[in-house]
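Heads up, input18.csv below (CSV, C-alpha atoms):
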chain,number,residue,atom,x,y,z
A,8,MET,CA,-17.7,-9.9,-14.8
A,9,SER,CA,-17.1,-12.9,-12.4
A,10,PRO,CA,-16.9,-11.9,-8.7
A,11,PHE,CA,-13.4,-13.4,-8.8
A,12,LEU,CA,-12.0,-11.2,-11.6
A,13,ASP,CA,-11.5,-7.4,-11.9
A,14,GLN,CA,-12.4,-5.9,-15.2
A,15,PRO,CA,-9.2,-5.2,-17.3
A,16,GLU,CA,-8.6,-1.7,-18.5
A,17,GLY,CA,-9.7,-1.1,-22.0
A,18,MET,CA,-12.8,-3.4,-21.5
A,19,ASP,CA,-15.3,-0.6,-21.3
A,20,ASP,CA,-17.1,-2.0,-24.3
A,21,GLY,CA,-17.1,-5.5,-22.8
A,22,LYS,CA,-14.4,-6.8,-25.3
A,23,LEU,CA,-10.6,-6.9,-25.5
A,24,SER,CA,-8.7,-6.9,-28.7
A,25,PHE,CA,-5.4,-8.8,-28.8
A,26,ASP,CA,-3.3,-5.7,-28.2
A,27,GLU,CA,-5.5,-4.8,-25.2
A,28,PHE,CA,-5.3,-8.4,-24.0
A,29,LYS,CA,-1.5,-8.5,-24.3
A,30,ALA,CA,-1.1,-5.1,-22.5
A,31,TYR,CA,-3.2,-6.4,-19.5
A,32,PHE,CA,-2.0,-10.1,-19.3
A,33,SER,CA,1.7,-9.8,-20.2
A,34,ASP,CA,3.8,-10.9,-17.3
A,35,GLY,CA,7.3,-10.7,-18.7
A,36,VAL,CA,7.5,-14.5,-18.9
A,37,LEU,CA,5.1,-15.6,-21.7
A,38,THR,CA,6.3,-14.9,-25.2
A,39,GLY,CA,4.2,-13.0,-27.8
A,40,ASP,CA,3.3,-16.2,-29.6
A,41,GLU,CA,2.2,-17.9,-26.3
A,42,LEU,CA,0.0,-14.9,-25.5
A,43,LYS,CA,-1.6,-15.1,-28.9
A,44,GLU,CA,-2.2,-18.8,-28.4
A,45,LEU,CA,-3.8,-18.1,-25.0
A,46,PHE,CA,-5.9,-15.3,-26.6
A,47,HIS,CA,-7.3,-17.6,-29.3
A,48,THR,CA,-7.9,-20.4,-26.7
A,49,ILE,CA,-10.1,-18.0,-24.6
A,50,ASP,CA,-11.8,-16.6,-27.8
A,51,THR,CA,-14.1,-19.6,-28.2
A,52,HIS,CA,-16.5,-17.5,-30.3
A,53,ASN,CA,-13.7,-16.9,-32.9
A,54,THR,CA,-14.4,-13.1,-33.1
A,55,ASP,CA,-10.7,-11.9,-32.7
A,56,ASN,CA,-12.0,-10.3,-29.4
A,57,VAL,CA,-12.5,-11.8,-26.0
A,58,ASP,CA,-15.5,-10.8,-24.0
A,59,THR,CA,-16.5,-10.9,-20.4
A,60,ASP,CA,-18.2,-14.3,-20.6
A,61,GLU,CA,-15.2,-15.9,-22.4
A,62,LEU,CA,-12.8,-14.6,-19.8
A,63,CYS,CA,-14.9,-15.8,-16.9
A,64,GLU,CA,-15.5,-19.2,-18.4
A,65,TYR,CA,-11.8,-19.8,-19.0
A,66,PHE,CA,-10.5,-18.6,-15.6
A,67,SER,CA,-13.3,-20.3,-13.7
A,68,GLN,CA,-12.1,-23.6,-15.0
A,69,HIS,CA,-8.7,-23.0,-13.5
A,70,LEU,CA,-9.4,-21.4,-10.1
A,71,GLY,CA,-8.8,-24.5,-8.0
A,72,GLU,CA,-8.1,-23.6,-4.4
A,73,TYR,CA,-8.0,-19.9,-5.4
A,74,GLU,CA,-11.8,-20.0,-5.7
A,75,ASN,CA,-12.0,-20.3,-1.9
A,76,VAL,CA,-9.3,-17.6,-1.5
A,77,LEU,CA,-11.0,-15.1,-3.7
A,78,ALA,CA,-14.4,-15.8,-2.1
A,79,ALA,CA,-12.8,-15.2,1.3
A,80,LEU,CA,-11.3,-11.9,0.0
A,81,GLU,CA,-14.7,-10.8,-1.1
A,82,ASP,CA,-16.1,-11.5,2.4
A,83,LEU,CA,-13.1,-9.7,3.9
A,84,ASN,CA,-13.8,-6.7,1.8
A,85,VAL,CA,-17.4,-6.5,2.9
A,86,SER,CA,-16.3,-6.9,6.6
A,87,ILE,CA,-13.8,-4.1,6.3
A,88,LEU,CA,-16.2,-1.8,4.7
A,89,LYS,CA,-18.8,-2.5,7.4
A,90,ALA,CA,-16.2,-1.9,10.1
A,91,MET,CA,-15.1,1.4,8.4
A,92,ASP,CA,-18.7,2.6,8.2
A,93,LYS,CA,-19.3,1.9,11.8
A,94,THR,CA,-16.0,3.6,12.8
A,95,LYS,CA,-17.0,6.7,10.8
A,96,LYS,CA,-20.3,6.9,12.6
A,97,GLU,CA,-19.1,6.2,16.2
A,98,TYR,CA,-15.5,7.4,16.4
A,99,GLN,CA,-16.1,11.0,17.1
A,100,GLU,CA,-18.5,10.3,20.1
A,101,ALA,CA,-16.2,7.6,21.6
A,102,THR,CA,-14.0,8.0,24.7
A,103,HIS,CA,-10.3,8.7,24.3
A,104,LEU,CA,-9.5,5.1,25.2
A,105,GLU,CA,-12.0,3.7,22.7
A,106,GLN,CA,-10.6,5.9,20.0
A,107,PHE,CA,-7.1,4.7,20.9
A,108,VAL,CA,-8.3,1.1,20.5
A,109,THR,CA,-9.9,1.8,17.2
A,110,ARG,CA,-6.8,3.5,15.8
A,111,PHE,CA,-4.7,0.6,17.0
A,112,LEU,CA,-7.0,-2.0,15.5
A,113,LEU,CA,-6.9,-0.1,12.2
A,114,LYS,CA,-3.2,0.0,12.3
A,115,GLU,CA,-2.9,-3.8,13.1
A,116,THR,CA,-5.5,-4.6,10.3
A,117,THR,CA,-3.4,-2.7,7.8
A,118,SER,CA,-0.2,-4.5,9.1
A,119,GLN,CA,-1.8,-7.9,8.6
A,120,LEU,CA,-3.0,-7.1,5.1
A,121,GLN,CA,0.4,-5.7,4.1
A,122,SER,CA,2.1,-8.9,5.5
A,123,LEU,CA,-0.3,-11.1,3.5
A,124,GLN,CA,0.3,-9.0,0.4
A,125,SER,CA,4.1,-9.4,1.0
A,126,SER,CA,3.6,-13.2,1.1
A,127,LEU,CA,1.6,-13.2,-2.2
A,128,GLU,CA,4.2,-10.9,-3.9
A,129,CYS,CA,6.9,-13.2,-2.8
A,130,ALA,CA,5.0,-16.2,-4.3
A,131,MET,CA,4.5,-14.3,-7.5
A,132,GLU,CA,8.2,-13.4,-7.7
A,133,THR,CA,9.3,-16.9,-7.0
A,134,THR,CA,7.1,-18.7,-9.5
A,135,ALA,CA,8.0,-16.2,-12.2
A,136,GLU,CA,11.7,-16.6,-11.5
A,137,GLN,CA,11.4,-20.4,-11.5
A,138,THR,CA,9.7,-20.3,-14.9
A,139,ARG,CA,12.4,-18.0,-16.3
A,140,GLN,CA,15.1,-20.3,-15.1
A,141,GLU,CA,13.4,-23.3,-16.6
A,142,ARG,CA,13.0,-21.5,-19.9
A,143,GLN,CA,16.5,-20.1,-20.3
A,144,GLY,CA,17.4,-20.2,-23.9
A,145,PRO,CA,17.0,-18.3,-27.2
A,146,VAL,CA,13.3,-17.5,-26.6
A,147,LYS,CA,12.8,-13.9,-25.6
A,148,PRO,CA,9.8,-13.2,-23.3
A,149,GLU,CA,7.3,-10.6,-24.2
A,150,VAL,CA,8.1,-7.3,-22.5
A,151,LEU,CA,5.3,-5.3,-20.8
A,152,SER,CA,4.3,-2.2,-22.6
A,153,ILE,CA,2.7,-0.6,-19.5
A,154,GLN,CA,5.1,1.7,-17.6
A,155,TRP,CA,4.0,1.0,-14.1
A,156,SER,CA,4.1,-2.8,-14.6
A,157,GLY,CA,7.8,-2.5,-15.8
A,158,ARG,CA,8.8,-0.5,-12.7
A,159,ARG,CA,7.2,-3.0,-10.3
A,160,SER,CA,8.7,-5.9,-12.2
A,161,ASN,CA,12.2,-4.4,-11.7
A,162,ARG,CA,11.5,-4.0,-8.0
A,163,ARG,CA,10.3,-7.6,-7.7
A,164,LEU,CA,13.4,-8.9,-9.4
A,165,GLN,CA,15.7,-6.9,-7.1
A,166,ARG,CA,13.9,-8.3,-4.0
A,167,ASN,CA,14.0,-11.8,-5.4
A,168,ASN,CA,17.8,-11.8,-5.4
A,169,SER,CA,17.6,-12.5,-1.6
A,170,LEU,CA,15.8,-15.9,-2.1
A,171,SER,CA,17.7,-19.0,-1.4
A,172,PRO,CA,19.1,-20.7,-4.5
A,173,ASN,CA,18.6,-24.1,-3.0
A,174,ASN,CA,15.0,-23.6,-2.0
A,175,PRO,CA,13.5,-20.4,-3.4
A,176,LEU,CA,10.2,-21.2,-1.7
A,177,LEU,CA,11.8,-21.0,1.8
A,178,SER,CA,11.0,-17.3,2.2
A,179,LEU,CA,7.3,-18.0,1.6
A,180,TYR,CA,7.2,-20.1,4.9
A,181,GLU,CA,9.2,-17.4,6.7
A,182,GLU,CA,6.7,-14.8,5.6
A,183,ASP,CA,3.8,-17.0,6.8
A,184,ASN,CA,5.5,-17.5,10.2
A,185,GLN,CA,5.9,-13.8,10.6
A,186,TRP,CA,2.3,-13.2,9.7
A,187,MET,CA,1.0,-15.8,12.2
A,188,THR,CA,3.2,-14.2,14.9
A,189,GLN,CA,1.6,-10.9,14.2
A,190,ILE,CA,-1.9,-12.5,14.3
A,191,ASN,CA,-1.2,-14.2,17.6
A,192,ARG,CA,0.1,-11.0,19.1
A,193,LEU,CA,-3.0,-9.1,18.0
A,194,GLN,CA,-5.3,-11.9,19.4
A,195,LYS,CA,-3.6,-11.7,22.8
A,196,LEU,CA,-4.0,-7.9,22.9
A,197,ILE,CA,-7.7,-8.2,22.0
A,198,ASP,CA,-8.2,-10.8,24.7
A,199,ARG,CA,-6.6,-8.4,27.2
A,200,LEU,CA,-8.8,-5.6,26.1
A,201,GLU,CA,-11.9,-7.8,26.4
A,202,LYS,CA,-10.9,-8.8,29.9
A,203,LYS,CA,-10.2,-5.2,30.8
A,204,GLU,CA,-6.7,-6.0,31.9
A,205,LEU,CA,-5.3,-2.9,30.1
A,206,ARG,CA,-4.6,-0.1,32.6
A,207,LEU,CA,-3.9,3.4,31.7
A,208,GLU,CA,-2.7,6.0,34.2
A,209,PRO,CA,-5.1,8.9,34.7
A,210,VAL,CA,-3.9,12.2,33.2
A,211,GLU,CA,-4.3,15.7,34.5
A,212,GLU,CA,-7.3,17.4,33.0
A,213,GLU,CA,-6.4,20.1,30.6
A,214,VAL,CA,-8.8,22.9,29.6
A,215,SER,CA,-8.6,23.9,25.9
A,216,GLU,CA,-8.9,27.6,25.0
A,217,GLY,CA,-10.9,26.6,22.0
A,218,THR,CA,-9.1,29.0,19.7
A,219,THR,CA,-7.3,28.3,16.4
A,220,LYS,CA,-4.0,28.8,18.1
A,221,SER,CA,-4.7,26.2,20.8
A,222,HIS,CA,-3.6,23.3,18.6
A,223,ILE,CA,-0.8,22.5,16.2
A,224,LEU,CA,-1.0,20.2,13.2
A,225,ILE,CA,1.1,17.1,12.7
A,226,VAL,CA,1.3,15.7,9.2
A,227,GLN,CA,2.6,12.2,8.5
A,228,ARG,CA,3.5,11.4,4.9
A,229,GLN,CA,4.4,7.8,3.9
A,230,LEU,CA,6.5,7.7,0.7
A,231,PRO,CA,7.2,4.2,-0.8
A,232,VAL,CA,10.1,5.1,-3.2
A,233,LEU,CA,11.2,3.1,-6.2
A,234,GLU,CA,14.7,1.7,-5.6
A,235,ASP,CA,16.1,3.0,-8.9
A,236,GLU,CA,14.8,6.5,-8.1
A,237,LEU,CA,16.3,6.7,-4.6
A,238,GLU,CA,19.1,9.2,-5.3
A,239,GLU,CA,16.9,11.6,-7.3
A,240,PHE,CA,14.2,11.4,-4.6
A,241,ARG,CA,16.7,12.2,-1.9
A,242,LEU,CA,17.8,15.4,-3.7
A,243,ALA,CA,14.1,16.4,-4.2
A,244,LEU,CA,13.3,15.6,-0.6
A,245,ARG,CA,16.3,17.7,0.7
A,246,GLN,CA,15.2,20.7,-1.3
A,247,TYR,CA,11.6,20.3,-0.1
A,248,ILE,CA,12.7,20.0,3.6
A,249,ASP,CA,14.9,23.1,3.3
A,250,CYS,CA,12.1,25.2,1.7
A,251,ALA,CA,9.4,23.9,4.1
A,252,SER,CA,11.6,24.5,7.2
A,253,ALA,CA,12.0,28.1,6.1
A,254,GLN,CA,8.3,28.6,5.7
A,255,THR,CA,6.6,30.8,8.2
A,256,GLY,CA,4.4,28.7,10.5
A,257,CYS,CA,6.5,25.5,10.1
A,258,LEU,CA,7.7,24.4,13.5
A,259,HIS,CA,9.7,21.3,12.5
A,260,VAL,CA,10.3,18.8,9.7
A,261,ALA,CA,11.8,15.3,10.2
A,262,VAL,CA,12.2,12.3,8.0
A,263,GLN,CA,12.8,8.6,8.7
A,264,ARG,CA,13.7,5.7,6.3
A,265,MET,CA,12.3,2.3,7.3
A,266,ALA,CA,15.0,-0.3,7.7
A,267,ASN,CA,15.7,-2.7,4.8
A,268,GLU,CA,13.2,-1.0,2.5
A,269,SER,CA,13.0,2.2,0.4
A,270,ARG,CA,10.0,3.6,2.3
A,271,PHE,CA,10.3,7.1,3.9
A,272,ILE,CA,8.1,8.7,6.5
A,273,LEU,CA,8.0,12.5,6.6
A,274,TYR,CA,6.8,14.3,9.7
A,275,GLU,CA,5.8,18.0,9.5
A,276,PHE,CA,4.7,20.2,12.4
A,277,TRP,CA,2.7,23.3,11.5
A,278,GLU,CA,1.3,26.1,13.7
A,279,ARG,CA,-2.2,25.9,12.2
A,280,SER,CA,-4.1,23.9,9.6
A,281,ASN,CA,-4.6,26.9,7.4
A,282,VAL,CA,-0.8,27.5,7.4
A,283,TRP,CA,-0.2,23.9,6.1
A,284,LYS,CA,-2.9,24.3,3.5
A,285,ASN,CA,-1.3,27.5,2.2
A,286,HIS,CA,2.1,25.6,2.2
A,287,LEU,CA,0.5,23.0,-0.2
A,288,GLN,CA,-0.1,25.8,-2.7
A,289,THR,CA,3.5,26.9,-2.8
A,290,ASN,CA,5.7,26.2,-5.9
A,291,TYR,CA,8.2,24.1,-4.0
A,292,SER,CA,5.4,21.9,-2.6
A,293,LYS,CA,3.8,21.4,-5.9
A,294,THR,CA,7.2,20.6,-7.5
A,295,PHE,CA,7.8,17.9,-4.9
A,296,GLN,CA,4.4,16.4,-5.4
A,297,ARG,CA,4.8,16.3,-9.2
A,298,GLY,CA,8.2,14.7,-8.8
A,299,ASN,CA,6.7,12.0,-6.6
A,300,VAL,CA,4.6,10.8,-9.5
A,301,ASP,CA,7.8,9.4,-11.0
A,302,PHE,CA,9.6,8.6,-7.7
A,303,LEU,CA,7.0,6.6,-5.8
A,304,GLU,CA,6.0,3.0,-6.3
A,305,THR,CA,2.5,3.7,-5.0
A,306,PRO,CA,0.7,7.0,-4.1
A,307,GLU,CA,1.8,8.5,-0.8
A,308,ILE,CA,-0.4,8.2,2.3
A,309,THR,CA,-1.0,11.4,4.2
A,310,THR,CA,-2.3,11.4,7.8
A,311,THR,CA,-3.0,14.6,9.9
A,312,MET,CA,-3.6,15.1,13.6
A,313,LEU,CA,-4.3,18.1,15.8
A,314,VAL,CA,-2.5,18.1,19.2
A,315,PRO,CA,-2.6,20.8,22.0
A,316,ALA,CA,-0.2,23.6,21.3
A,317,SER,CA,0.8,23.5,25.0
A,318,TRP,CA,2.4,20.1,24.4
A,319,TRP,CA,4.8,21.6,21.9
A,320,VAL,CA,5.7,24.5,24.2
A,321,LEU,CA,6.3,22.2,27.2
A,322,ASN,CA,8.5,19.9,25.2
A,323,ASN,CA,10.6,22.6,23.6
A,324,ASN,CA,11.3,24.9,26.5
Rendering of file as structure tokens:
Amino acid sequence: MSPFLDQPEGMDDGKLSFDEFKAYFSDGVLTGDELKELFHTIDTHNTDNVDTDELCEYFSQHLGEYENVLAALEDLNVSILKAMDKTKKEYQEATHLEQFVTRFLLKETTSQLQSLQSSLECAMETTAEQTRQERQGPVKPEVLSIQWSGRRSNRRLQRNNSLSPNNPLLSLYEEDNQWMTQINRLQKLIDRLEKKELRLEPVEEEVSEGTTKSHILIVQRQLPVLEDELEEFRLALRQYIDCASAQTGCLHVAVQRMANESRFILYEFWERSNVWKNHLQTNYSKTFQRGNVDFLETPEITTTMLVPASWWVLNNN
């Protein structure tokens, strides 16, 4: 497969039938006849199947500026993997300040990538909507047969309602400006760190008892919820919080919803790691996890951190 293209599902044998081709390439805009015409255009060997070489040959002729974009993404992927590998090897032995900087840079890298993804999604929504408006008429577009694609399509259409009717591409420039602002902010911070201008106040040294009870576990769960599943998700979340809060060893449960989006962040505080692991095996926890398969747009992201138990005692006296 070309370095610019991911292998479509169903292509384990190196070939795609028309049904497999349609399931992968349908975008809710092209009609079934147009997809069939595209399929036969790519099928230069006239075998009623398209193979890897035919796909690469067709799309390589139409890459244009995206050839540079996709090549840069490959380089970025390699750079991120190298950085992650180095972090894995060096993080544990680093000082607290160095660990803080590493966590911050990981967070900022994630933020930049999400911002870039948001710009690309906005471009996808805008171009698809423009095509739909131009093609308004009796022709019915081919509907995606894959469930997850339909869900994300609905979410994209709902977000697209906020685009300006006079200039639907305006929001693309706004997204780019926000992205550049974040990059400049990160660059300034890196410059400060390199010049050692960052100053942290010394903290009082604390001696850990080294026992299992000397730390508590904080769990952060990021839950990106589908907009049309919000109400059912809230009911399931409330039941989960009520059950978890009553669980022995659960110190506190809190939830936040991010402004202007259907993303929730759940914070759980547990007396010990093994208590949390036992909690994951309970029926109410498994029920909540199973429900999230239908409620979430993408899989949840779970992060855990151990903090001194004395901090919790001091802050709750």
Seminar exercise, completed: Gln254 of chain A proximity check over A:Val232, A:Val282, A:Leu273, A:Cys129, using all atoms listed in the file: winner is A:Val282
For this session: Please identify all polymer residues within 6 Å of segment 22-32 of chain A, counting only C-alpha atoms, omitting same-chain residues fewer than 5 positions from it, and present them as a list in words.
Result: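 Non-adjacent residues within range: Asn56, Val57 and Asp58 of chain A.
Taking only C-alpha atoms into account, Cys250 of chain A lies nearest to A:Thr289 out of the set A:Thr289, A:Glu128, A:Glu236, A:Trp277.
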Seminar exercise, completed: atom CA of Ala90 of chain A sits from atom CA of Leu113 of chain A at a separation of 9.7 Å
Problem set entry | Atom pair atom CA of Leu244 of chain A / atom CA of Leu224 of chain A: separation (Å) | 20.4 Å
For this session: Select, from A:Leu233, A:Ala79, A:Leu45, A:Ile87, the residue with the minimum atom-to-atom distance to Thr117 of chain A, counting all atoms listed in the file.
Result: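 Residue with the minimum atom-to-atom distance to Thr117 of chain A: A:Ile87.
The gap separating atom CA of Glu307 of chain A from atom CA of Leu120 of chain A is 17.4 Å, in Å to one decimal.
Using all atoms listed in the file, the shortest contact distance between Thr134 of chain A and any of A:Arg228, A:Asp92, A:Tyr98, A:Val36 is found at A:Val36.
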Problem set entry | Nearest candidate to Glu61 of chain A (options A:Thr294, A:Ile49, A:Asp235, A:Ile248; using all atoms listed in the file) |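 Ranked by minimum distance to Glu61 of chain A, first place goes to A:Ile49.
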